Amino acid sequence: MNLRDVKKDIEYVLSAFVDDCYFLATCNPSVSDEGLSNLLDEAVELFNDLKDKVNVKPEGSKKAYFNGLRKELLEKTDALYTKLSDVVKASKK
């Protein structure tokens, strides 16, 4: 596990989330634009936060530090997908 792989994971996972948001917006016009906009803002903030953290020289074990960043990426992205699901459910009402 190295720095390059973690950076690629961050870009891949969050760009997939952004793509899913845009796909939802184009396929389902009844979805709240404000809700999607807020989710996209959160995704960009998460991306910037993780990029800042990945560029910091870790103290101690690099492997443990990068594993922690990956775990944080997956947990926070999962939370974003949960919010996206809530936005979709709200549009069906």
# chains A, B, ... in the order shown; residues from 1 in each chain; ligands from 1

call {"tool": "select_by_dssp", "arguments": {"residues": "chain A", "states": "helix (DSSP H, G or I)", "output": "number ranges by chain"}}
result
A: 3-27, 33-54, 62-91

call {"tool": "residues_around", "arguments": {"residues": "range 21-23 of chain A", "least_positions_apart": "5", "cutoff": "12 Å", "atoms": "only C-alpha atoms", "output": "MDAnalysis selection string"}}
result
chainID A and resid 14:16 28:29 31:41 43 80:81 83:85 87:88

call {"tool": "write_last_selection", "arguments": {"atoms": "C-alpha atoms", "output": "PDB file, in the first residue's frame"}}
result
ATOM      1  CA  LEU A  14     -15.528  10.001  -4.911  1.00  0.00           C
ATOM      2  CA  SER A  15     -15.723  10.449  -8.680  1.00  0.00           C
ATOM      3  CA  ALA A  16     -17.995   7.386  -8.808  1.00  0.00           C
ATOM      4  CA  ASN A  28     -34.979  11.288 -12.459  1.00  0.00           C
ATOM      5  CA  PRO A  29     -35.951  14.957 -12.827  1.00  0.00           C
ATOM      6  CA  VAL A  31     -35.124  14.561  -7.456  1.00  0.00           C
ATOM      7  CA  SER A  32     -34.417  17.706  -5.467  1.00  0.00           C
ATOM      8  CA  ASP A  33     -31.656  19.741  -7.075  1.00  0.00           C
ATOM      9  CA  GLU A  34     -30.928  21.333  -3.722  1.00  0.00           C
ATOM     10  CA  GLY A  35     -30.477  17.941  -2.071  1.00  0.00           C
ATOM     11  CA  LEU A  36     -28.100  16.760  -4.779  1.00  0.00           C
ATOM     12  CA  SER A  37     -26.220  20.038  -4.688  1.00  0.00           C
ATOM     13  CA  ASN A  38     -25.666  19.666  -0.948  1.00  0.00           C
ATOM     14  CA  LEU A  39     -24.421  16.100  -1.423  1.00  0.00           C
ATOM     15  CA  LEU A  40     -22.027  17.180  -4.154  1.00  0.00           C
ATOM     16  CA  ASP A  41     -20.707  19.930  -1.887  1.00  0.00           C
ATOM     17  CA  ALA A  43     -18.328  15.066  -1.591  1.00  0.00           C
ATOM     18  CA  LEU A  80     -22.982  10.001   1.464  1.00  0.00           C
ATOM     19  CA  TYR A  81     -24.670   7.116  -0.353  1.00  0.00           C
ATOM     20  CA  LYS A  83     -27.976  10.450   2.198  1.00  0.00           C
ATOM     21  CA  LEU A  84     -28.345  10.002  -1.564  1.00  0.00           C
ATOM     22  CA  SER A  85     -30.757   7.156  -0.912  1.00  0.00           C
ATOM     23  CA  VAL A  87     -32.931  12.089  -1.343  1.00  0.00           C
ATOM     24  CA  VAL A  88     -34.257   9.494  -3.792  1.00  0.00           C
TER      25      VAL A  88
END

call {"tool": "residues_around", "arguments": {"residues": "Asp9 in chain A", "least_positions_apart": "6", "cutoff": "12 Å", "atoms": "only C-alpha atoms", "output": "VMD selection string"}}
result
chain A and resid 1 to 3 15 to 16 47 50 to 51 54 66 to 67 69 to 74 77

call {"tool": "write_last_selection", "arguments": {"atoms": "all heavy atoms", "output": "short mmCIF file (atom, residue, chain, number, x, y, z; two decimals), in the first residue's frame"}}
result
data_model
loop_
_atom_site.label_atom_id
_atom_site.label_comp_id
_atom_site.auth_asym_id
_atom_site.auth_seq_id
_atom_site.Cartn_x
_atom_site.Cartn_y
_atom_site.Cartn_z
N MET A 1 0.85 -1.17 0.00
CA MET A 1 0.00 0.00 0.00
C MET A 1 0.91 1.24 0.00
O MET A 1 1.79 1.36 0.82
CB MET A 1 -0.85 -0.03 1.25
CG MET A 1 -1.96 0.91 1.23
SD MET A 1 -3.09 0.70 2.61
CE MET A 1 -3.15 -1.05 2.84
N ASN A 2 0.66 2.12 -0.94
CA ASN A 2 1.50 3.30 -1.01
C ASN A 2 0.65 4.55 -1.27
O ASN A 2 -0.56 4.47 -1.47
CB ASN A 2 2.59 3.13 -2.06
CG ASN A 2 2.05 2.86 -3.44
OD1 ASN A 2 0.97 3.32 -3.78
ND2 ASN A 2 2.79 2.13 -4.24
N LEU A 3 1.31 5.66 -1.28
CA LEU A 3 0.65 6.95 -1.43
C LEU A 3 -0.12 7.03 -2.74
O LEU A 3 -1.27 7.49 -2.77
CB LEU A 3 1.70 8.05 -1.35
CG LEU A 3 1.25 9.48 -1.55
CD1 LEU A 3 0.31 9.88 -0.42
CD2 LEU A 3 2.44 10.41 -1.60
N SER A 15 -15.23 10.13 -7.33
CA SER A 15 -15.72 10.45 -8.68
C SER A 15 -16.88 9.52 -9.06
O SER A 15 -17.80 9.95 -9.76
CB SER A 15 -14.60 10.37 -9.71
OG SER A 15 -14.13 9.05 -9.85
N ALA A 16 -16.86 8.29 -8.57
CA ALA A 16 -18.00 7.39 -8.81
C ALA A 16 -19.25 7.92 -8.12
O ALA A 16 -20.35 7.85 -8.68
CB ALA A 16 -17.67 5.98 -8.31
N PHE A 47 -13.38 15.13 -0.47
CA PHE A 47 -12.25 14.95 -1.38
C PHE A 47 -11.09 15.86 -0.98
O PHE A 47 -9.94 15.40 -0.85
CB PHE A 47 -12.69 15.25 -2.82
CG PHE A 47 -11.57 15.15 -3.82
CD1 PHE A 47 -11.19 13.92 -4.32
CD2 PHE A 47 -10.92 16.28 -4.26
CE1 PHE A 47 -10.16 13.82 -5.25
CE2 PHE A 47 -9.89 16.19 -5.19
CZ PHE A 47 -9.51 14.97 -5.68
N LEU A 50 -9.55 14.72 2.42
CA LEU A 50 -8.72 13.51 2.31
C LEU A 50 -7.44 13.78 1.52
O LEU A 50 -6.39 13.23 1.85
CB LEU A 50 -9.52 12.38 1.67
CG LEU A 50 -10.63 11.80 2.54
CD1 LEU A 50 -11.46 10.80 1.75
CD2 LEU A 50 -10.07 11.16 3.79
N LYS A 51 -7.52 14.61 0.50
CA LYS A 51 -6.31 14.96 -0.25
C LYS A 51 -5.32 15.71 0.64
O LYS A 51 -4.12 15.49 0.55
CB LYS A 51 -6.65 15.81 -1.46
CG LYS A 51 -7.16 15.04 -2.62
CD LYS A 51 -6.10 14.10 -3.15
CE LYS A 51 -6.37 13.80 -4.59
NZ LYS A 51 -5.27 13.10 -5.23
N VAL A 54 -3.79 13.07 2.96
CA VAL A 54 -2.89 12.12 2.30
C VAL A 54 -1.55 12.78 1.98
O VAL A 54 -0.53 12.09 1.88
CB VAL A 54 -3.55 11.51 1.04
CG1 VAL A 54 -3.42 12.40 -0.16
CG2 VAL A 54 -2.99 10.14 0.74
N PHE A 66 -2.25 5.02 6.08
CA PHE A 66 -2.99 4.89 4.83
C PHE A 66 -4.21 4.00 4.99
O PHE A 66 -5.25 4.25 4.38
CB PHE A 66 -2.09 4.39 3.72
CG PHE A 66 -1.03 5.37 3.30
CD1 PHE A 66 0.21 4.94 2.87
CD2 PHE A 66 -1.26 6.73 3.34
CE1 PHE A 66 1.18 5.84 2.47
CE2 PHE A 66 -0.29 7.65 2.95
CZ PHE A 66 0.94 7.20 2.52
N ASN A 67 -4.11 2.96 5.80
CA ASN A 67 -5.28 2.12 6.09
C ASN A 67 -6.37 2.93 6.78
O ASN A 67 -7.55 2.76 6.51
CB ASN A 67 -4.90 0.91 6.95
CG ASN A 67 -4.28 -0.20 6.15
OD1 ASN A 67 -4.48 -0.29 4.95
ND2 ASN A 67 -3.51 -1.05 6.81
N LEU A 69 -6.84 6.16 6.44
CA LEU A 69 -7.43 7.04 5.44
C LEU A 69 -8.41 6.29 4.54
O LEU A 69 -9.48 6.81 4.22
CB LEU A 69 -6.34 7.68 4.58
CG LEU A 69 -5.55 8.81 5.21
CD1 LEU A 69 -4.47 9.29 4.26
CD2 LEU A 69 -6.45 9.96 5.60
N ARG A 70 -8.06 5.08 4.16
CA ARG A 70 -8.98 4.28 3.34
C ARG A 70 -10.26 3.96 4.10
O ARG A 70 -11.35 4.02 3.55
CB ARG A 70 -8.31 2.99 2.90
CG ARG A 70 -7.42 3.16 1.73
CD ARG A 70 -7.01 1.83 1.18
NE ARG A 70 -6.33 2.04 -0.09
CZ ARG A 70 -5.35 1.28 -0.53
NH1 ARG A 70 -4.95 0.26 0.19
NH2 ARG A 70 -4.79 1.53 -1.68
N LYS A 71 -10.11 3.64 5.36
CA LYS A 71 -11.28 3.34 6.19
C LYS A 71 -12.18 4.58 6.29
O LYS A 71 -13.40 4.49 6.15
CB LYS A 71 -10.85 2.88 7.57
CG LYS A 71 -11.99 2.47 8.46
CD LYS A 71 -11.50 1.96 9.80
CE LYS A 71 -12.68 1.59 10.67
NZ LYS A 71 -12.27 1.12 11.99
N GLU A 72 -11.57 5.73 6.52
CA GLU A 72 -12.33 6.98 6.60
C GLU A 72 -13.03 7.27 5.27
O GLU A 72 -14.20 7.66 5.24
CB GLU A 72 -11.40 8.14 6.96
CG GLU A 72 -12.09 9.47 7.07
CD GLU A 72 -11.15 10.61 7.41
OE1 GLU A 72 -9.95 10.38 7.65
OE2 GLU A 72 -11.64 11.76 7.44
N LEU A 73 -12.34 7.05 4.17
CA LEU A 73 -12.92 7.26 2.84
C LEU A 73 -14.16 6.40 2.65
O LEU A 73 -15.21 6.89 2.24
CB LEU A 73 -11.89 6.93 1.76
CG LEU A 73 -12.40 6.82 0.32
CD1 LEU A 73 -12.89 8.17 -0.18
CD2 LEU A 73 -11.33 6.26 -0.58
N LEU A 74 -14.06 5.13 2.98
CA LEU A 74 -15.18 4.23 2.77
C LEU A 74 -16.35 4.52 3.71
O LEU A 74 -17.50 4.48 3.29
CB LEU A 74 -14.72 2.78 2.92
CG LEU A 74 -13.72 2.32 1.86
CD1 LEU A 74 -13.26 0.90 2.14
CD2 LEU A 74 -14.30 2.43 0.47
N THR A 77 -17.97 7.88 2.54
CA THR A 77 -18.64 7.71 1.26
C THR A 77 -19.92 6.89 1.44
O THR A 77 -20.94 7.18 0.80
CB THR A 77 -17.71 7.05 0.22
OG1 THR A 77 -16.51 7.82 0.13
CG2 THR A 77 -18.37 6.98 -1.14
#

call {"tool": "decode", "arguments": {"residues": "range 45-75 of chain A", "atoms": "N, CA and C atoms", "output": "compact mmCIF listing (two decimals), in the first residue's frame"}}
result
# COMPACT_ATOMS: atom_id res chain seq x y z
N GLU A 45 -15.96 18.54 -0.37
CA GLU A 45 -15.28 18.81 0.90
C GLU A 45 -14.53 17.58 1.39
N LEU A 46 -15.15 16.42 1.27
CA LEU A 46 -14.49 15.18 1.67
C LEU A 46 -13.26 14.92 0.82
N PHE A 47 -13.38 15.13 -0.47
CA PHE A 47 -12.25 14.95 -1.38
C PHE A 47 -11.09 15.86 -0.98
N ASN A 48 -11.38 17.13 -0.77
CA ASN A 48 -10.33 18.08 -0.39
C ASN A 48 -9.71 17.72 0.96
N ASP A 49 -10.55 17.33 1.91
CA ASP A 49 -10.06 16.95 3.24
C ASP A 49 -9.13 15.74 3.16
N LEU A 50 -9.55 14.72 2.42
CA LEU A 50 -8.72 13.51 2.31
C LEU A 50 -7.44 13.78 1.52
N LYS A 51 -7.52 14.61 0.50
CA LYS A 51 -6.31 14.96 -0.25
C LYS A 51 -5.32 15.71 0.64
N ASP A 52 -5.82 16.59 1.50
CA ASP A 52 -4.94 17.29 2.44
C ASP A 52 -4.30 16.30 3.41
N LYS A 53 -5.10 15.35 3.90
CA LYS A 53 -4.58 14.37 4.85
C LYS A 53 -3.57 13.42 4.20
N VAL A 54 -3.79 13.07 2.96
CA VAL A 54 -2.89 12.12 2.30
C VAL A 54 -1.55 12.78 1.98
N ASN A 55 -1.52 14.09 1.85
CA ASN A 55 -0.28 14.79 1.54
C ASN A 55 0.54 15.15 2.77
N VAL A 56 0.02 14.83 3.95
CA VAL A 56 0.76 15.06 5.19
C VAL A 56 1.69 13.88 5.42
N LYS A 57 2.90 14.18 5.81
CA LYS A 57 3.84 13.09 6.08
C LYS A 57 3.45 12.42 7.39
N PRO A 58 3.09 11.12 7.33
CA PRO A 58 2.61 10.44 8.53
C PRO A 58 3.73 10.17 9.54
N GLU A 59 3.34 10.24 10.80
CA GLU A 59 4.28 9.86 11.86
C GLU A 59 4.04 8.39 12.16
N GLY A 60 5.09 7.64 12.27
CA GLY A 60 4.94 6.22 12.56
C GLY A 60 4.75 5.42 11.29
N SER A 61 3.92 4.42 11.38
CA SER A 61 3.71 3.48 10.29
C SER A 61 2.88 4.11 9.16
N LYS A 62 3.46 4.13 7.97
CA LYS A 62 2.73 4.64 6.81
C LYS A 62 1.56 3.73 6.48
N LYS A 63 1.76 2.44 6.62
CA LYS A 63 0.71 1.48 6.29
C LYS A 63 -0.52 1.69 7.16
N ALA A 64 -0.32 1.89 8.46
CA ALA A 64 -1.44 2.11 9.37
C ALA A 64 -2.13 3.44 9.04
N TYR A 65 -1.35 4.46 8.72
CA TYR A 65 -1.92 5.76 8.39
C TYR A 65 -2.78 5.68 7.13
N PHE A 66 -2.25 5.02 6.08
CA PHE A 66 -2.99 4.89 4.83
C PHE A 66 -4.21 4.00 4.99
N ASN A 67 -4.11 2.96 5.80
CA ASN A 67 -5.28 2.12 6.09
C ASN A 67 -6.37 2.93 6.78
N GLY A 68 -5.96 3.81 7.69
CA GLY A 68 -6.93 4.68 8.36
C GLY A 68 -7.61 5.62 7.40
N LEU A 69 -6.84 6.16 6.44
CA LEU A 69 -7.43 7.04 5.44
C LEU A 69 -8.41 6.29 4.54
N ARG A 70 -8.06 5.08 4.16
CA ARG A 70 -8.98 4.28 3.34
C ARG A 70 -10.26 3.96 4.10
N LYS A 71 -10.11 3.64 5.36
CA LYS A 71 -11.28 3.34 6.19
C LYS A 71 -12.18 4.58 6.29
N GLU A 72 -11.57 5.73 6.52
CA GLU A 72 -12.33 6.98 6.60
C GLU A 72 -13.03 7.27 5.27
N LEU A 73 -12.34 7.05 4.17
CA LEU A 73 -12.92 7.26 2.84
C LEU A 73 -14.16 6.40 2.65
N LEU A 74 -14.06 5.13 2.98
CA LEU A 74 -15.18 4.23 2.77
C LEU A 74 -16.35 4.52 3.71
N GLU A 75 -16.06 4.84 4.96
CA GLU A 75 -17.13 5.14 5.91
C GLU A 75 -17.88 6.41 5.52
